[in-house]
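Trainee: Have a look at this one before I ask anything.
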There are 4 protein chains.
Amino acid sequence: MNRNLILLMHCPDREGLVATVTTLIRRVHGNIVDLDQHVDAERQVFFMRVEWTPPAGDPNAGESFERLFAEEVAGPCGMTWRLERAGRRARIAVFVSRYGHCLLDVLSRWESGEWAADIPLIVSNHPDMALVAQRHRIRFEHVPVTRDTKEAAEQRQLELLREEEIDVVVLARYMQIVSPRFIDAMPDRIINIHHSFLPAFAGGQPYHAAHARGVKVIGATSHYVTAELDAGPIIAQDVVPVSHKDSVEDMVRKGRDLEKIVLARAVYAHLQHRVLAYDNRTVVF
Amino acid sequence: MNRNLILLMHCPDREGLVATVTTLIRRVHGNIVDLDQHVDAERQVFFMRVEWTPPAGDPNAGESFERLFAEEVAGPCGMTWRLERAGRRARIAVFVSRYGHCLLDVLSRWESGEWAADIPLIVSNHPDMALVAQRHRIRFEHVPVTRDTKEAAEQRQLELLREEEIDVVVLARYMQIVSPRFIDAMPDRIINIHHSFLPAFAGGQPYHAAHARGVKVIGATSHYVTAELDAGPIIAQDVVPVSHKDSVEDMVRKGRDLEKIVLARAVYAHLQHRVLAYDNRTVVF
Amino acid sequence: MNRNLILLMHCPDREGLVATVTTLIRRVHGNIVDLDQHVDAERQVFFMRVEWTPPAGDPNAGESFERLFAEEVAGPCGMTWRLERAGRRARIAVFVSRYGHCLLDVLSRWESGEWAADIPLIVSNHPDMALVAQRHRIRFEHVPVTRDTKEAAEQRQLELLREEEIDVVVLARYMQIVSPRFIDAMPDRIINIHHSFLPAFAGGQPYHAAHARGVKVIGATSHYVTAELDAGPIIAQDVVPVSHKDSVEDMVRKGRDLEKIVLARAVYAHLQHRVLAYDNRTVVF
Amino acid sequence: MNRNLILLMHCPDREGLVATVTTLIRRVHGNIVDLDQHVDAERQVFFMRVEWTPPAGDPNAGESFERLFAEEVAGPCGMTWRLERAGRRARIAVFVSRYGHCLLDVLSRWESGEWAADIPLIVSNHPDMALVAQRHRIRFEHVPVTRDTKEAAEQRQLELLREEEIDVVVLARYMQIVSPRFIDAMPDRIINIHHSFLPAFAGGQPYHAAHARGVKVIGATSHYVTAELDAGPIIAQDVVPVSHKDSVEDMVRKGRDLEKIVLARAVYAHLQHRVLAYDNRTVVF
């Protein structure tokens with residue numbers, strides 16, 4: 001098992017931060033295997049991700065480091081931080097509507113062991129994907145959502161997340177707006193795929209809008225969900241060329257491939273604990 | 001010399017259009033070397049570009065074809081069309097402000113013979129690029145533009161275009177909004193480069209806006225200028241990946257390369273008579 | 001149902017070919033919906049793909065056109081040609097080894113109706129994918145291949161192709177070299193995906209070789225299989241950037257996404273009858 | 001002026017290296033502004049680039065750090081390392097043959113201040129670019145090279161490099177093979193642009209070879225020159241899509257844009273002291 005510890009942090013920039021943190025890791029006999037830092041020069045904020053192997057035979061290395069770090073470093077420097085365990089498998093819930101391509105792609109990655117994660121739950125406002133879930137022996141919950149039942153539906157969804165101890169929610173073309181209350185329960189842990197290169201063509205029907213505007217590239221954007229629609233911190237983004245020959249249907253088809261890839265990149269980076277959201281943007285180490 | 005003739009046309013779709021046109025070309029003993037057609041299924045509009053070599057020894061092949069075609073085909077079918085001569089060198093005016101990278105790139109393509117075109121005129125609202133023009137022995141006209149003098153300035157610019165018999169105006173980061181009157185004098189013949197993947201980040205300071213939004217790709221868009229700012233028919237568009245490590249200055253630097261390439265692609269396609277603007281979009285054959 | 005007819009042809013270039021063909025289509029009251037032609041100027045070869053809707057109510061429009069065309073056009077012009085029916089669903093056999101990602105992606109496209117094709121058969125030299133096939137209710141045949149049994153194995157595979165009336169074989173990371181005899185039975189109808197940007201890194205272990213060479217992009221190539229290994233006509237090709245940070249395992253992971261997409265693009269183009277192989281290269285209309 | 005110091009190093013991996021180096025920088029009151037490290041897990045080699053601002057008012061901060069570092073850290077750890085000054089403008093010699101596009105692009109970057117570097121020298125085996133050099137008031141030396149005079153020519157070139165105190169040689173489509181003796185005089189300081197995605201199409205006429213093979217992407221590769229032709233450590237690499245429509249001439253035209261961009265990326269990374277060559281590959285921080 002991978003015993004590595006991963007520290008993600010940001011704080012106001014000041015002299016000696018790298019030395020301070022790495023010296024502490026050295027003191028507890030950790031062997032740094034990866035370190036990446038970034039300074040936002042404009043805002044004078046320091047970001048760092050550092051991953052290390054603790055000494056063998058200490059099952060509580062994480063807990064003791066957390067105590068030490070909080071007291072000696074994070075507190076005095078005013079850091080926002082978290083410590084992750086590389087060996088811990090995240091638990092993913094996939095939310096889906098009627099389009100199956102992103103869900104099927106997510107499941108094929110999970111099945112082939114590409115992601116160190118479990119997928120114990122699929123939630124949908126439509127029953128269409130029940131068979132797919134069943135085929136993979138994953139719990140499927142059909143939670144219909146109407147204007148009137150939305151609050152109750154989200155209540156039910158949050159219960160399901162708790163029951164299944166979900167760490168991250170993947171909106172695999174879920175096509176529903178989630179409420180601030182729902183988002184607050186999972187801050188920076190709901191990943192959406194939007195089928196345009198945001199901020200262009202936010203909202204519904206982006207391929208129709210792209211076709212009408214006559215663009216020569218179409219895109220897809222994966223981002224953390226925030227209260228404002230399609231405006232959360234962008235994790236991954238890519239485009240594919242199109243031409244006048246591409247009808248809206250062609251764009252939808254080409255876009256599907258892009259959506260799958262871009263969503264997977266974002267989820268993978270999140271699962272590797274490489275994403276730090278800050279000020280509605282992300283640092284992806 | 002390349003004696004080829006190029007017909008560009010669009011009209012309401014109907015049966016037999018390809019056969020009608022190609023049969024006429026055959027009748028005048030033209031040898032088709034390139035034909036590309038497109039049907040906009042939604043609008044039921046037919047587009048075609050066909051290039052052929054007329055028989056040797058007939059210097060008026062273009063004129064006679066024009067007469068024949070107008071009478072027998074274009075009229076009855078309600079076509080919008082034009083006939084271009086491949087061997088005719090277009091005359092380009094480059095409009096520039098203070099940023100020289102697009103101008104220098106345009107000049108290096110012209111100098112190396114990449115474009116079958118002449119550049120007899122450079123116009124700028126600043127004197128900075130006079131030396132560059134002089135170095136290439138190109139007429140440079142400094143036409144300052146202020147809110148009050150804008151109309152007179154455009155009057156002067158239009159005179160210059162007439163004097164130099166300009167076919168196409170390239171706004172190589174000109175940074176000025178041109179008036180509808182100016183645009184009407186050169187419809188679908190003013191090519192601009194905008195430093196974002198439109199429709200995202202239209203208007204000023206797109207790199208600043210892209211940085212603030214935290215996008216993971218930045219783009220450039222080349223389009224025909226229309227009365228609405230940054231909203232004309234897109235000819236070419238491309239993007240380059242960026243990350244949290246890229247400051248606004250890095251984006252500007254990476255974007256410059258993109259602007260050069262995308263503008264050049266658009267101008268090249270225009271010079272090859274491969275672009276048909278229609279309904280605020282383009283068909284690029 | 002889509003009743004369109006699609007003609008694919010090539011022959012020595014000569015005057016009037018487009019007019020000749022389109023006039024014949026017009027004579028039989030076909031309405032051309034797509035026409036693309038290409039002249040290989042170096043070899044003086046003319047290529048064309050033309051798709052048209054025959055008049056309603058004539059179920060034998062294809063057969064009568066074939067007779068007419070053979071006699072009046074193809075014969076005299078020395079054409080190599082074929083006529084395809086857009087409405088006919090192709091029958092695909094997928095050959096796979098142990099890696100499931102391309103197979104799963106192919107199945108998800110088939111399942112979502114992205115391809116107008118059926119997949120009645122999966123063949124593998126390993127039993128691993130039997131469950132996947134069963135889940136999709138597709139016939140799975142485990143045909144082990146060793147050096148000694150290769151001839152008999154291919155004999156068996158060819159029988160299966162005949163039994164299931166297979167039109168196209170997709171080698172979805174099949175990892176076995178197929179013999180000239182097998183290839184001859186399905187000329188230009190076996191599509192392989194190779195995990196490098198050919199001609200770089202042909203043969204086995206391309207990701208290891210790419211890592212050792214320190215390249216900054218990795219690629220995937222989909223091509224028709226010919227007798228020479230990894231040297232057949234390329235249909236589609238794409239790349240993804242990598243850096244020193246990517247281990248061989250990272251390249252394998254990133255490459256998988258590329259393999260899926262590039263293979264799917266090639267199969268889609270083939271199914272749309274857009275690919276013409278010629279002189280070990282392809283014209284992809 | 002930018003007073004930052006940049007340390008580039010690699011050594012066998014061991015515990016505590018980041019802490020050791022950053023603690024030393026802290027001891028001399030340096031403020032780290034950028035740190036990137038990498039471990040080649042396969043070879044167990046540690047790489048790091050760290051940039052810091054020394055305290056104001058100490059003009060010898062670099063020299064004192066070098067002494068300290070050599071004695072206390074680099075020696076004991078068996079490091080290969082160098083210390084660079086961000087504020088020092090590198091001196092570039094451009095070698096060119098008859099194709100001017102890369103040279104013109106390099107000059108336009110230099111002219112616009114994109115690179116913190118000077119270009120005091122252009123060397124060519126042909127006289128064609130003399131005027132371009134003169135226009136930019138750069139010393140131009142025509143050093144013809146024939147099989148018989150090659151040794152003397154390289155002798156002359158090396159003298160010119162010494163005279164002009166050249167730091168880095170940019171082969172901007174120089175089209176000549178340089179000898180091991182020449183390379184040894186400028187190890188990891190000669191940057192070439194090759195017009196293919198190496199290792200595919202090494203050697204001469206890569207666009208012809210790419211066209212003959214029917215590839216769907218063409219590429220360009222910038223690398224440090226080593227004794228083996230086109231086989232040195234790759235710094236940057238990119239590709240552009242092509243199709244059957246592209247003749248060799250079209251590939252040459254599209255390739256030119258790629259060559260300019262890829263060469264510029266490599267030179268920029270080198271000038272920023274971001275490239276570490278190791279074991280015939282590069283780490284580009």
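Following the order of the structure tokens, first chain is A, next is B, and so on, with residues numbered from 1 inside each chain and ligands from 1 in the order they appear.
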May I have a table of the residues of segment 199-236 of chain C lying at most 12 Å from segment 227-239 of chain D, giving each one's closest pair of atoms and their distance in Å to one decimal, counting only C-alpha atoms, ordered by chain and ascending residue number, as CSV?
Mentor:
residue,atom,partner,partner_atom,distance
C:Ala210,CA,D:Ile234,CA,11.4
C:His211,CA,D:Ile234,CA,11.5
C:Ala212,CA,D:Pro233,CA,10.6
C:Arg213,CA,D:Pro233,CA,8.0
C:Gly214,CA,D:Ile234,CA,6.4
C:Val215,CA,D:Ile234,CA,6.3
C:Lys216,CA,D:Gln237,CA,5.6
C:Val217,CA,D:Gln237,CA,6.7
C:Ile218,CA,D:Asp238,CA,10.1
C:Gly219,CA,D:Val239,CA,10.3
Trainee: Starting from chain C, keep only residues with some atom at most 9 Å from an atom of chain A, counting only C-alpha atoms, and report them as a list in words.
Mentor: Tyr99, Gly100, His101, Leu104, Asp105, Ser108, Arg109, Ser112, Glu114, Arg135, Arg253, Asp257 and Ile261 of chain C
Trainee: Write out as a count of residues only all residues of segment 93-258 of chain A that backbone DSSP assigns to alpha helix (DSSP H).
Mentor: 56
Trainee: Work out how far apart atom CA of Arg162 of chain A and atom CA of Glu66 of chain A are and give it in Å to one decimal.
Mentor: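 Answer for the atom CA of Arg162 of chain A to atom CA of Glu66 of chain A separation: 25.1 Å.
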Trainee: Quick check, in Å to one decimal: how far apart do atom CA of Val178 of chain A and atom CA of Pro241 of chain B lie?
Mentor: 29.4 Å
